[in-house]
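Listing of coords_13.txt, compact mmCIF, C-alpha atoms
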# COMPACT_ATOMS: atom_id res chain seq x y z
CA MET A 1 -17.60 79.48 193.26
CA PHE A 2 -16.34 76.27 191.71
CA GLY A 3 -12.82 76.09 193.04
CA ILE A 4 -13.32 72.93 195.04
CA LEU A 5 -13.28 70.16 192.50
CA ASP A 6 -10.83 68.00 194.44
CA ARG A 7 -12.32 67.49 197.83
CA SER A 8 -15.54 66.24 196.38
CA HIS A 9 -16.25 62.67 197.22
CA GLU A 10 -14.64 62.34 200.63
CA THR A 11 -16.62 65.17 202.14
CA GLY A 12 -20.07 65.80 203.43
CA ALA A 13 -23.20 63.79 203.66
CA SER A 14 -22.11 61.22 206.22
CA GLU A 15 -25.42 61.61 208.01
CA TYR A 16 -27.18 60.80 204.74
CA GLN A 17 -25.20 57.65 204.26
CA VAL A 18 -27.65 54.86 203.63
CA PRO A 19 -26.69 51.19 203.85
CA TYR A 20 -27.11 50.60 200.17
CA GLY A 21 -25.93 47.01 200.48
CA ALA A 22 -29.40 46.34 201.81
CA LEU A 23 -30.95 47.33 198.50
CA LYS A 24 -32.07 44.75 196.01
CA PRO A 25 -29.69 44.08 193.13
CA ILE A 26 -30.18 46.29 190.10
CA PRO A 27 -31.84 44.38 187.27
CA PRO A 28 -29.64 43.74 184.22
CA HIS A 29 -31.70 45.95 181.89
CA TYR A 30 -31.25 48.80 184.33
CA GLN A 31 -27.48 48.57 184.13
CA LYS A 32 -27.64 48.55 180.37
CA ALA A 33 -29.26 51.96 180.51
CA ASN A 34 -26.32 53.38 182.44
CA THR A 35 -23.45 54.97 180.62
CA PRO A 36 -20.43 52.66 181.20
CA THR A 37 -18.26 55.17 183.10
CA VAL A 38 -21.02 56.13 185.47
CA LYS A 39 -21.91 52.53 186.12
CA LYS A 40 -18.44 51.75 187.43
CA ILE A 41 -17.99 54.82 189.57
CA VAL A 42 -21.42 55.11 191.12
CA PRO A 43 -24.17 52.57 191.40
CA GLN A 44 -27.50 54.23 190.69
CA ASN A 45 -28.62 54.17 194.31
CA THR A 46 -26.01 56.57 195.64
CA TRP A 47 -27.54 59.58 193.91
CA VAL A 48 -28.99 60.72 197.24
CA GLU A 49 -25.49 61.29 198.53
CA HIS A 50 -24.52 63.09 195.33
CA LEU A 51 -27.26 65.58 195.88
CA LYS A 52 -26.24 66.08 199.48
CA ARG A 53 -22.66 66.75 198.31
CA ILE A 54 -23.89 69.34 195.85
CA GLN A 55 -25.91 71.03 198.55
CA ALA A 56 -23.28 70.92 201.30
CA ASP A 57 -20.07 71.42 199.28
CA GLN A 58 -21.09 72.75 195.86
CA ASP A 59 -19.38 69.56 194.69
CA GLN A 60 -18.84 69.80 190.93
CA ARG A 61 -17.68 66.22 190.57
CA ALA A 62 -20.87 64.91 192.10
CA PHE A 63 -22.77 67.20 189.75
CA ALA A 64 -20.83 65.97 186.72
CA GLU A 65 -21.71 62.36 187.56
CA LEU A 66 -25.37 63.17 188.07
CA PHE A 67 -25.30 65.13 184.83
CA ALA A 68 -23.77 62.23 182.87
CA HIS A 69 -26.51 59.92 184.10
CA PHE A 70 -29.59 62.10 184.07
CA ALA A 71 -29.10 64.82 181.43
CA PRO A 72 -29.44 62.38 178.46
CA ARG A 73 -32.59 60.94 180.06
CA VAL A 74 -34.12 64.35 180.65
CA LYS A 75 -33.27 65.37 177.09
CA ALA A 76 -34.92 62.25 175.66
CA PHE A 77 -37.99 62.87 177.85
CA LEU A 78 -38.30 66.44 176.57
CA MET A 79 -37.85 65.37 172.95
CA LYS A 80 -40.52 62.70 173.34
CA SER A 81 -42.74 65.40 174.80
CA GLY A 82 -42.38 67.38 171.57
CA ALA A 83 -39.30 69.57 172.03
CA SER A 84 -36.86 70.01 169.14
CA PRO A 85 -33.34 68.69 169.85
CA SER A 86 -31.96 72.20 170.38
CA MET A 87 -34.81 73.21 172.65
CA ALA A 88 -34.50 69.94 174.58
CA GLU A 89 -30.77 70.58 174.98
CA GLU A 90 -31.34 74.07 176.34
CA CYS A 91 -34.17 72.99 178.65
CA THR A 92 -32.14 70.04 179.96
CA GLN A 93 -29.32 72.38 180.91
CA GLU A 94 -31.84 74.54 182.74
CA VAL A 95 -33.29 71.50 184.50
CA MET A 96 -29.84 70.43 185.67
CA ALA A 97 -29.04 73.99 186.81
CA THR A 98 -32.31 73.98 188.80
CA LEU A 99 -31.22 70.73 190.40
CA TRP A 100 -28.07 72.47 191.63
CA HIS A 101 -29.86 75.53 192.94
CA LYS A 102 -32.67 73.59 194.60
CA ALA A 103 -30.57 70.74 196.01
CA HIS A 104 -31.39 71.98 199.54
CA LEU A 105 -35.08 71.32 198.89
CA PHE A 106 -34.58 67.66 197.98
CA ASP A 107 -36.02 65.41 200.69
CA PRO A 108 -34.79 61.80 200.35
CA SER A 109 -37.51 60.56 202.71
CA ARG A 110 -40.13 61.73 200.19
CA ALA A 111 -38.55 61.22 196.78
CA SER A 112 -35.82 59.34 194.96
CA VAL A 113 -33.44 61.49 192.93
CA ALA A 114 -34.97 60.14 189.68
CA THR A 115 -38.44 61.08 190.93
CA TRP A 116 -37.31 64.54 191.91
CA ILE A 117 -35.54 65.19 188.60
CA PHE A 118 -38.63 63.94 186.77
CA THR A 119 -40.73 66.59 188.54
CA ILE A 120 -38.27 69.34 187.58
CA ALA A 121 -38.20 68.11 183.97
CA ARG A 122 -41.99 67.87 183.84
CA ASN A 123 -42.36 71.40 185.16
CA LYS A 124 -39.88 72.61 182.56
CA LYS A 125 -41.95 70.86 179.89
CA ILE A 126 -45.10 72.67 181.04
CA ASP A 127 -43.28 75.98 181.24
CA ALA A 128 -41.30 75.84 178.01
CA LEU A 129 -43.41 73.63 175.75
CA ARG A 130 -46.94 74.25 176.93
CA LYS A 131 -46.27 77.89 177.91
CA GLN A 132 -48.24 77.52 181.11
CA ARG A 133 -47.57 78.31 184.70
CA ARG A 134 -47.33 75.26 186.92
CA PRO A 135 -49.13 75.63 190.24
CA GLU A 136 -47.31 73.53 192.86
CA PRO A 137 -48.65 72.49 196.26
CA GLU A 138 -47.61 74.42 199.35
CA ASN A 139 -43.95 73.70 200.11
CA LEU A 140 -43.29 71.42 203.08
CA GLU A 141 -39.75 71.56 204.41
CA TRP A 142 -37.91 70.18 207.39
CA GLY A 143 -37.14 72.96 209.84
CA PRO A 144 -33.54 73.80 210.79
CA GLU A 145 -33.71 71.49 213.84
CA ALA A 146 -35.27 68.46 212.19
CA GLU A 147 -34.39 66.16 209.35
CA PRO A 148 -35.62 62.82 208.05
CA GLU A 149 -34.45 59.60 209.69
CA ALA A 150 -32.00 57.38 207.82
CA ALA A 151 -34.37 54.41 208.07
CA ASP A 152 -37.16 56.39 206.40
CA ILE A 153 -34.82 57.45 203.63
CA LEU A 154 -33.69 53.88 203.04
CA VAL A 155 -37.20 52.48 202.85
CA LEU A 156 -38.48 55.19 200.53
CA GLN A 157 -35.47 54.83 198.23
CA GLN A 158 -35.93 51.06 198.20
CA GLU A 159 -39.61 51.25 197.43
CA SER A 160 -39.04 53.73 194.61
CA GLN A 161 -36.53 51.32 193.14
CA GLN A 162 -38.89 48.37 193.50
CA LEU A 163 -41.53 50.32 191.63
CA THR A 164 -39.02 50.97 188.86
CA GLN A 165 -38.37 47.24 188.70
CA ALA A 166 -42.08 46.48 188.68
CA MET A 167 -42.47 48.78 185.74
CA THR A 168 -39.82 47.02 183.71
CA ALA A 169 -41.72 43.79 184.41
CA LEU A 170 -45.06 45.13 183.14
CA PRO A 171 -46.52 43.65 179.96
CA SER A 172 -45.43 45.94 177.13
CA GLN A 173 -49.00 46.97 176.31
CA GLN A 174 -49.54 48.18 179.86
CA ARG A 175 -46.25 50.01 179.90
CA GLU A 176 -47.03 51.70 176.60
CA LEU A 177 -50.30 52.98 177.97
CA ILE A 178 -48.63 54.54 181.00
CA GLU A 179 -45.96 55.94 178.74
CA LYS A 180 -48.56 57.56 176.50
CA ALA A 181 -50.15 59.17 179.54
CA TYR A 182 -46.82 60.56 180.75
CA PHE A 183 -45.69 61.83 177.37
CA GLY A 184 -48.90 63.64 176.65
CA ASP A 185 -50.18 61.34 173.91
CA LEU A 186 -53.37 60.83 175.89
CA SER A 187 -55.61 63.69 176.96
CA HIS A 188 -56.40 63.80 180.67
CA SER A 189 -59.89 62.47 180.05
CA GLU A 190 -58.50 59.40 178.27
CA ILE A 191 -56.04 58.42 180.97
CA ALA A 192 -57.13 55.25 182.72
CA ALA A 193 -56.78 55.25 186.50
CA GLU A 194 -55.50 51.67 186.59
CA THR A 195 -51.74 51.53 186.06
CA GLY A 196 -51.29 47.85 186.89
CA LEU A 197 -48.51 48.83 189.29
CA PRO A 198 -48.50 48.07 193.01
CA LEU A 199 -48.76 51.65 194.26
CA GLY A 200 -50.42 50.98 197.63
CA THR A 201 -47.19 50.50 199.57
CA ILE A 202 -45.44 53.60 198.31
CA LYS A 203 -48.58 55.69 198.80
CA SER A 204 -48.76 54.71 202.49
CA ARG A 205 -45.02 55.26 202.84
CA LEU A 206 -45.30 58.77 201.38
CA ARG A 207 -48.35 59.46 203.56
CA LEU A 208 -46.34 58.47 206.63
CA ALA A 209 -43.41 60.65 205.56
CA LEU A 210 -45.75 63.62 205.22
CA SER A 211 -47.28 63.10 208.63
CA LYS A 212 -43.81 62.91 210.24
CA LEU A 213 -42.90 66.12 208.49
CA ARG A 214 -46.13 67.80 209.59
CA GLN A 215 -45.36 66.87 213.20
CA THR A 216 -42.04 68.70 213.10
CA MET A 217 -43.67 71.73 211.49
CA LYS A 218 -46.20 72.27 214.30
CA MET B 1 -55.70 75.00 206.49
CA ASN B 2 -55.78 72.44 209.25
CA ASN B 3 -58.81 70.51 208.18
CA MET B 4 -57.11 67.66 206.39
CA THR B 5 -58.44 64.97 208.69
CA GLN B 6 -62.01 65.91 207.79
CA ILE B 7 -61.65 65.84 204.03
CA LYS B 8 -64.11 63.35 202.59
CA HIS B 9 -64.14 64.09 198.87
CA HIS B 10 -60.86 63.59 197.08
CA LEU B 11 -59.35 63.92 193.62
CA THR B 12 -59.70 61.01 191.19
CA ASP B 13 -56.65 58.94 190.23
CA GLN B 14 -57.20 60.11 186.68
CA LEU B 15 -56.65 63.72 187.74
CA LEU B 16 -53.68 62.82 189.93
CA ILE B 17 -52.00 60.99 187.04
CA GLY B 18 -52.69 63.93 184.74
CA TYR B 19 -51.20 66.29 187.31
CA ALA B 20 -48.07 64.13 187.70
CA ALA B 21 -47.71 63.68 183.94
CA GLY B 22 -48.22 67.39 183.33
CA THR B 23 -51.06 66.98 180.84
CA LEU B 24 -53.89 68.83 182.62
CA PRO B 25 -55.01 72.31 181.65
CA GLU B 26 -53.53 74.99 183.91
CA ALA B 27 -56.90 75.70 185.59
CA PHE B 28 -57.17 72.05 186.65
CA ASN B 29 -53.57 72.04 187.86
CA LEU B 30 -54.47 75.01 190.06
CA VAL B 31 -57.38 73.16 191.70
CA VAL B 32 -55.26 70.02 192.11
CA ALA B 33 -52.28 71.90 193.62
CA THR B 34 -54.59 73.78 196.01
CA HIS B 35 -56.30 70.56 197.11
CA LEU B 36 -52.92 68.83 197.57
CA SER B 37 -51.88 71.69 199.84
CA MET B 38 -54.87 70.83 202.05
CA CYS B 39 -54.95 67.03 201.71
CA ASP B 40 -51.94 64.85 202.57
CA SER B 41 -53.51 61.63 201.34
CA CYS B 42 -53.94 63.02 197.83
CA ARG B 43 -50.49 64.62 198.03
CA ALA B 44 -48.99 61.20 198.79
CA ALA B 45 -50.95 59.67 195.90
CA ALA B 46 -49.76 62.40 193.53
CA GLN B 47 -46.18 61.79 194.63
CA ALA B 48 -46.61 58.07 193.95
CA TYR B 49 -47.43 59.00 190.36
CA ASP B 50 -44.31 61.18 190.30
CA VAL B 51 -42.40 58.00 191.22
CA ILE B 52 -43.75 56.36 188.05
CA GLY B 53 -42.51 59.36 186.08
CA GLY B 54 -39.09 58.98 187.70
CA ALA B 55 -39.09 55.27 186.89
CA PHE B 56 -39.73 56.10 183.23
CA LEU B 57 -36.92 58.61 183.25
CA GLU B 58 -34.63 55.98 184.73
CA THR B 59 -35.48 53.13 182.37
CA ASP B 60 -36.45 54.85 179.12
CA ALA B 61 -34.51 56.29 176.19
CA GLN B 62 -31.50 58.58 176.33
CA ALA B 63 -30.45 61.37 173.99
CA SER B 64 -26.81 62.47 173.86
CA MET B 65 -26.12 65.93 175.13
CA ASP B 66 -24.17 68.33 172.93
CA GLU B 67 -20.44 68.65 173.39
CA GLY B 68 -19.61 71.06 176.18
CA ALA B 69 -23.09 70.76 177.71
CA LEU B 70 -21.76 70.21 181.23
CA GLU B 71 -19.53 73.30 181.04
CA GLU B 72 -22.40 75.37 179.67
CA THR B 73 -24.62 74.16 182.50
CA LEU B 74 -21.98 75.04 185.09
CA ALA B 75 -21.75 78.51 183.54
CA LEU B 76 -25.54 78.75 183.78
CA ILE B 77 -25.35 77.74 187.43
CA GLY B 78 -22.72 80.44 188.00
CA LYS B 79 -25.27 83.07 187.01
CA GLY B 80 -27.29 82.14 190.11
CA PRO B 81 -30.87 80.92 190.55
CA SER B 82 -33.75 82.76 188.96
CA ALA B 83 -35.21 85.02 191.61
CA ALA B 84 -38.10 83.46 193.50
CA LYS B 85 -40.90 85.86 194.28
CA PRO B 86 -41.40 86.18 198.02
CA MET B 87 -44.99 85.52 199.02
CA ALA B 88 -46.73 87.04 202.00
CA ALA B 89 -48.62 84.77 204.36
CA SER B 90 -52.31 84.58 203.56
CA ASP B 91 -55.51 82.69 204.22
CA VAL B 92 -55.29 80.58 201.05
CA PRO B 93 -52.76 77.87 200.08
CA SER B 94 -49.71 79.20 198.21
CA PRO B 95 -50.60 77.94 194.69
CA LEU B 96 -53.85 79.91 194.78
CA ARG B 97 -52.19 82.90 196.43
CA ALA B 98 -50.04 83.35 193.34
CA TYR B 99 -53.14 83.62 191.13
CA ILE B 100 -55.09 85.95 193.43
CA GLY B 101 -52.06 88.07 194.24
CA GLY B 102 -52.77 87.80 197.97
CA GLY B 103 -55.53 86.41 200.16
CA LEU B 104 -59.31 86.21 199.93
CA GLY B 105 -59.50 89.89 200.93
CA ASP B 106 -57.70 90.82 197.71
CA VAL B 107 -60.12 89.07 195.35
CA LYS B 108 -61.91 91.40 192.91
CA TRP B 109 -65.41 89.93 193.00
CA ARG B 110 -68.09 90.53 190.38
CA SER B 111 -71.73 89.89 191.04
CA VAL B 112 -73.39 87.18 188.95
CA GLY B 113 -76.84 87.67 190.53
CA MET B 114 -78.75 86.17 193.47
CA GLY B 115 -75.96 87.35 195.77
CA VAL B 116 -73.47 84.98 194.14
CA ARG B 117 -70.15 86.54 193.16
CA GLN B 118 -67.25 85.26 191.12
CA ALA B 119 -63.71 86.17 190.11
CA VAL B 120 -62.19 84.63 186.99
CA LEU B 121 -58.50 83.77 187.46
CA SER B 122 -56.04 84.14 184.63
CA THR B 123 -54.93 80.74 183.26
CA SER B 124 -54.28 79.18 179.87
CA LYS B 125 -57.39 79.03 177.73
CA SER B 126 -58.07 75.30 177.53
CA ALA B 127 -59.95 75.52 180.84
CA THR B 128 -61.26 78.28 183.08
CA ALA B 129 -60.60 78.77 186.80
CA ARG B 130 -62.68 81.00 189.00
CA LEU B 131 -63.47 81.73 192.61
CA LEU B 132 -67.11 81.54 193.62
CA TYR B 133 -68.62 83.32 196.58
CA ILE B 134 -71.97 81.87 197.63
CA PRO B 135 -73.68 83.66 200.54
CA ALA B 136 -74.86 81.35 203.34
CA GLY B 137 -78.11 79.72 202.28
CA ALA B 138 -77.88 80.90 198.64
CA ALA B 139 -77.78 78.67 195.57
CA VAL B 140 -75.75 78.68 192.35
CA PRO B 141 -78.20 78.39 189.42
CA ASP B 142 -78.94 74.81 188.36
CA HIS B 143 -76.44 73.81 185.71
CA GLY B 144 -74.99 70.87 183.86
CA HIS B 145 -71.57 70.34 182.31
CA ARG B 146 -70.28 69.49 178.90
CA GLY B 147 -66.83 68.64 180.16
CA THR B 148 -65.37 68.21 183.62
CA GLU B 149 -65.97 70.64 186.47
CA LEU B 150 -63.84 70.60 189.63
CA THR B 151 -65.13 72.50 192.66
CA LEU B 152 -62.87 72.81 195.71
CA VAL B 153 -64.31 74.30 198.90
CA LEU B 154 -62.02 76.84 200.57
CA GLN B 155 -64.39 78.12 203.22
CA GLY B 156 -67.86 77.15 204.48
CA ALA B 157 -69.70 74.23 202.91
CA PHE B 158 -72.21 73.48 200.16
CA ARG B 159 -74.62 70.68 199.43
CA ASP B 160 -76.04 69.42 196.19
CA ALA B 161 -78.11 66.37 195.33
CA THR B 162 -75.05 64.11 195.67
CA ALA B 163 -73.42 65.07 198.99
CA ARG B 164 -72.13 67.70 201.40
CA PHE B 165 -68.82 69.38 200.58
CA ALA B 166 -66.85 71.21 203.29
CA ALA B 167 -63.47 72.97 203.36
CA GLY B 168 -60.85 70.90 201.52
CA ASP B 169 -63.42 68.70 199.79
CA VAL B 170 -63.39 68.63 196.01
CA GLU B 171 -66.31 67.68 193.80
CA VAL B 172 -65.46 66.17 190.42
CA ALA B 173 -68.51 66.62 188.19
CA ASN B 174 -68.92 65.42 184.64
CA GLU B 175 -71.55 65.47 181.90
CA ASP B 176 -73.94 63.24 183.82
CA LEU B 177 -74.39 65.63 186.71
CA ASN B 178 -76.96 68.42 186.78
CA HIS B 179 -76.79 70.12 190.12
CA THR B 180 -77.77 73.12 192.19
CA PRO B 181 -75.07 73.70 194.82
CA VAL B 182 -76.51 75.42 197.91
CA ALA B 183 -74.29 77.04 200.52
CA GLU B 184 -75.02 75.90 204.05
CA ILE B 185 -76.58 78.25 206.56
CA GLY B 186 -74.11 79.75 208.99
CA GLU B 187 -71.13 80.65 206.85
CA ASP B 188 -70.66 82.07 203.36
CA CYS B 189 -69.10 79.50 201.06
CA ILE B 190 -66.03 80.23 198.93
CA CYS B 191 -64.99 77.73 196.26
CA LEU B 192 -62.29 77.42 193.64
CA ALA B 193 -63.81 75.94 190.49
CA ALA B 194 -62.39 74.91 187.12
CA THR B 195 -64.13 73.74 183.96
CA ASP B 196 -62.82 72.63 180.60
CA ALA B 197 -66.10 73.47 178.83
CA PRO B 198 -68.72 76.17 179.40
CA LEU B 199 -71.43 75.32 181.93
CA ARG B 200 -74.98 74.67 180.71
CA PHE B 201 -77.56 76.55 182.69
CA ASN B 202 -80.99 74.99 182.76
CA SER B 203 -83.08 78.15 182.92
CA TRP B 204 -83.45 80.84 180.31
CA ILE B 205 -81.98 83.93 181.98
CA PRO B 206 -78.59 82.59 183.08
CA ARG B 207 -78.10 81.16 179.60
CA MET B 208 -78.56 84.64 178.11
CA ALA B 209 -76.11 86.05 180.59
CA GLN B 210 -73.53 83.32 180.14
CA PRO B 211 -71.33 85.00 177.53
CA PHE B 212 -70.92 87.99 179.82
CA LEU B 213 -70.17 85.97 182.91
CA ARG B 214 -67.48 83.83 181.31
CA ILE B 215 -68.44 80.82 183.34

structure tokens encoding of this file:
Amino acid sequence: MFGILDRSHETGASEYQVPYGALKPIPPHYQKANTPTVKKIVPQNTWVEHLKRIQADQDQRAFAELFAHFAPRVKAFLMKSGASPSMAEECTQEVMATLWHKAHLFDPSRASVATWIFTIARNKKIDALRKQRRPEPENLEWGPEAEPEAADILVLQQESQQLTQAMTALPSQQRELIEKAYFGDLSHSEIAAETGLPLGTIKSRLRLALSKLRQTMK
Amino acid sequence: MNNMTQIKHHLTDQLLIGYAAGTLPEAFNLVVATHLSMCDSCRAAAQAYDVIGGAFLETDAQASMDEGALEETLALIGKGPSAAKPMAASDVPSPLRAYIGGGLGDVKWRSVGMGVRQAVLSTSKSATARLLYIPAGAAVPDHGHRGTELTLVLQGAFRDATARFAAGDVEVANEDLNHTPVAEIGEDCICLAATDAPLRFNSWIPRMAQPFLRI
């Protein structure tokens, strides 16, 4: 199954190629968070193509790069959520294995790779730490004939990144409050609805992406 | 489930954040996921809160993986995906289908009096989820809430003192609201409801019966 290590990065995904030069520069603090090797080989915003390579070619090199970047983040998220280091390690491996198996379900016009991995990690947290089932909304997928347009992918990826930047620019008090909500330190009744982040644009973008998808499903 | 343009009553941002963060009780998650299946505007809002989660993941702390973690993960991948349970088509959105084990025809209803029937769904204990069947024109006994009650209409419509709720609409009720939901004439009303505290009935008999009804 994994005998194709070599042909990894030249193959596949050309139709998913997004003109990343058009993206805003990555803020300095962002780069600091990257592991040095990963930073040189792949700027953060090519993860979409990595996922496509995993899906199309079972590309282990693409997976290894994604793993180097995201696994330590997922593990830290799970530990902050209350998992022991060994449990977080095990769950992170399961999250990354899920990423591989579900790569075909990733829709770059509706989520950035970081967003998508967050949802897998969060569901793992609910499953493994809270011992609950996680009801998910009805699955919406592009049919065999249709797929998202490159322009829609670009804009969604850009807006996700802008939101990430906006978050790093939040006053630390505000950021801490959101962080508490996401790491379960606030009960649902304590969570304030006001995040202080400009969410209007991305909400309308996601709404538009859904309506395009619905049209192809009719 | 093609009524999304008519949905007038939506989830609160507080619930959508809780759903994205994964901090809601399972019963609430079920109502949220079912509403999101019917309402694209709330689905988009929920996904926007997922983006915040992703932004945290991207910019927050890291914890080193153990040595050999990548190889172990590849070995795990080699074992194949965990089998997904195939689900038959049905008249309810897929998240709810998994809890009923089919469609509305498969629900095991129990009478709670006055023609109203309910079916408690199995979730974690911090909140309760149930389906309510209110015959056209009938009322659910007047009740208040200690905690939060979410009521999502799946079929038909009901009215209470605050508004009219039709298929896809969700009512978010809290401690301040005492209400008597009445199903509209014309069609029986089926709702998915979740509470994180027992309801308070305002007349004597339902209060006696409450421990048996588990509502």

Report the centre and edge lengths, in Å to one decimal, of an axis-aligned box enclosing every atom of stretch 68-81 of chain B listed in the file, padded by 4 Å on each side, as lines of an AutoDock Vina configuration file.
center_x = -25.2
center_y = 76.6
center_z = 183.4
size_x = 19.3
size_y = 20.9
size_z = 22.4

*Any idea what's packed within 12 Å of B:Ala45, counting only C-alpha atoms, ignoring anything in its chain fewer than 5 positions away? Could you give it as a PyMOL selection string?*
(chain A and resi 110+193+199-208+210) or (chain B and resi 10-17+19-20+32+36+39-40+50-52)

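Closest approach to B:Ala166 among B:Cys42, B:Leu152, B:Ala48, B:Ala61 is made by B:Leu152 (distances from only C-alpha atoms).
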
*Between atom CA of A:Thr119 and atom CA of A:Thr168, what is the spacing in Å?*
20.2 Å

_d(atom CA of A:Asp185, atom CA of A:Ala111) in Å_ = 25.7 Å

*asked:* Need the shell around A:Leu213: protein/DNA/RNA residues with any atom at most 9 Å away, counting all atoms listed in the file. Skip same-chain ones fewer than 3 positions apart. Format as JSON, numbers by chain?
replied: {"A": [140, 141, 142, 146, 147, 148, 208, 209, 210, 216, 217]}

Export of the given selection (C-alpha atoms) as an mmCIF file, in the frame of the given file:
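Done, and the output landed in selection-v1.cif:
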data_model
loop_
_atom_site.group_PDB
_atom_site.id
_atom_site.type_symbol
_atom_site.label_atom_id
_atom_site.label_comp_id
_atom_site.auth_asym_id
_atom_site.auth_seq_id
_atom_site.Cartn_x
_atom_site.Cartn_y
_atom_site.Cartn_z
ATOM 1 C CA LEU A 140 -43.290 71.420 203.080
ATOM 2 C CA GLU A 141 -39.750 71.560 204.410
ATOM 3 C CA TRP A 142 -37.910 70.180 207.390
ATOM 4 C CA ALA A 146 -35.270 68.460 212.190
ATOM 5 C CA GLU A 147 -34.390 66.160 209.350
ATOM 6 C CA PRO A 148 -35.620 62.820 208.050
ATOM 7 C CA LEU A 208 -46.340 58.470 206.630
ATOM 8 C CA ALA A 209 -43.410 60.650 205.560
ATOM 9 C CA LEU A 210 -45.750 63.620 205.220
ATOM 10 C CA THR A 216 -42.040 68.700 213.100
ATOM 11 C CA MET A 217 -43.670 71.730 211.490
#

*Extract, using only C-alpha atoms, all DNA, RNA and protein residues at most 10 Å from stretch 69-78 of chain B, discarding same-chain residues fewer than 3 positions from it, and format them as a PyMOL selection string.*
(chain A and resi 1-2+60+63-64+67-68+71+89-90+92-101) or (chain B and resi 64-66+81-82)

_Taking only C-alpha atoms into account, name the residue in B:Gln6, B:Asn174, B:Ser124, B:Gln118 that is nearest to chain A._
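Smallest separation from chain A among the options: B:Ser124.
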
_Residues within 7 Å of A:Phe118, please, as a list in words. Count only C-alpha atoms; anything in the same chain fewer than 5 positions from it doesn't count._
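In the requested form, the answer reads Gly53, Gly54 and Leu57 of chain B.
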
Just to be explicit: take each residue in the selection above, keep C-alpha atoms, and write the result as a tab-separated table (two decimals), in the coordinates of the input.
chain	number	residue	atom	x	y	z
B	53	GLY	CA	-42.51	59.36	186.08
B	54	GLY	CA	-39.09	58.98	187.70
B	57	LEU	CA	-36.92	58.61	183.25

_One-decimal distance in Å that lies between atom CA of B:Gly103 and atom CA of B:Ser90_ =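 Computed distance, atom CA of B:Ser90 to atom CA of B:Gly103, equals 5.0 Å.
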
*Could you tell me which of B:Leu131, B:Arg43, B:Ala84, B:Gly147 comes closest to B:Asp106 if we count only C-alpha atoms?*
B:Leu131

*Which residues, written as a PyMOL selection string, have at least one atom at most 7 Å from B:Val172, with only C-alpha atoms counted and residues fewer than 6 positions away on the same chain left out?*
chain B and resi 149-151

Would you save the residues of that selection, restricted to C-alpha atoms, as a compact mmCIF listing (two decimals), keeping the file's coordinate frame?
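Listing of selection39.txt after writing:
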# COMPACT_ATOMS: atom_id res chain seq x y z
CA GLU B 149 -65.97 70.64 186.47
CA LEU B 150 -63.84 70.60 189.63
CA THR B 151 -65.13 72.50 192.66

*Find the residue from A:Met79, A:Ile120, A:Gln132, A:Phe70 that sits nearest to B:Asn29; use only C-alpha atoms when measuring.*
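Nearest candidate to B:Asn29 out of A:Met79, A:Ile120, A:Gln132, A:Phe70: A:Gln132.
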
*asked:* Just checking: using all atoms listed in the file, which residue out of A:Lys102, A:Thr115, A:Asn123, A:Leu163 ends up closest to A:Ala56?
replied: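 Selected residue with least distance to A:Ala56: A:Lys102.
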
*Which one is closest to chain A: B:Gly68, B:Pro95, B:Gly105, B:Pro86? Count only C-alpha atoms.*
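Between B:Gly68, B:Pro95, B:Gly105, B:Pro86, the residue approaching chain A most closely is B:Pro95.
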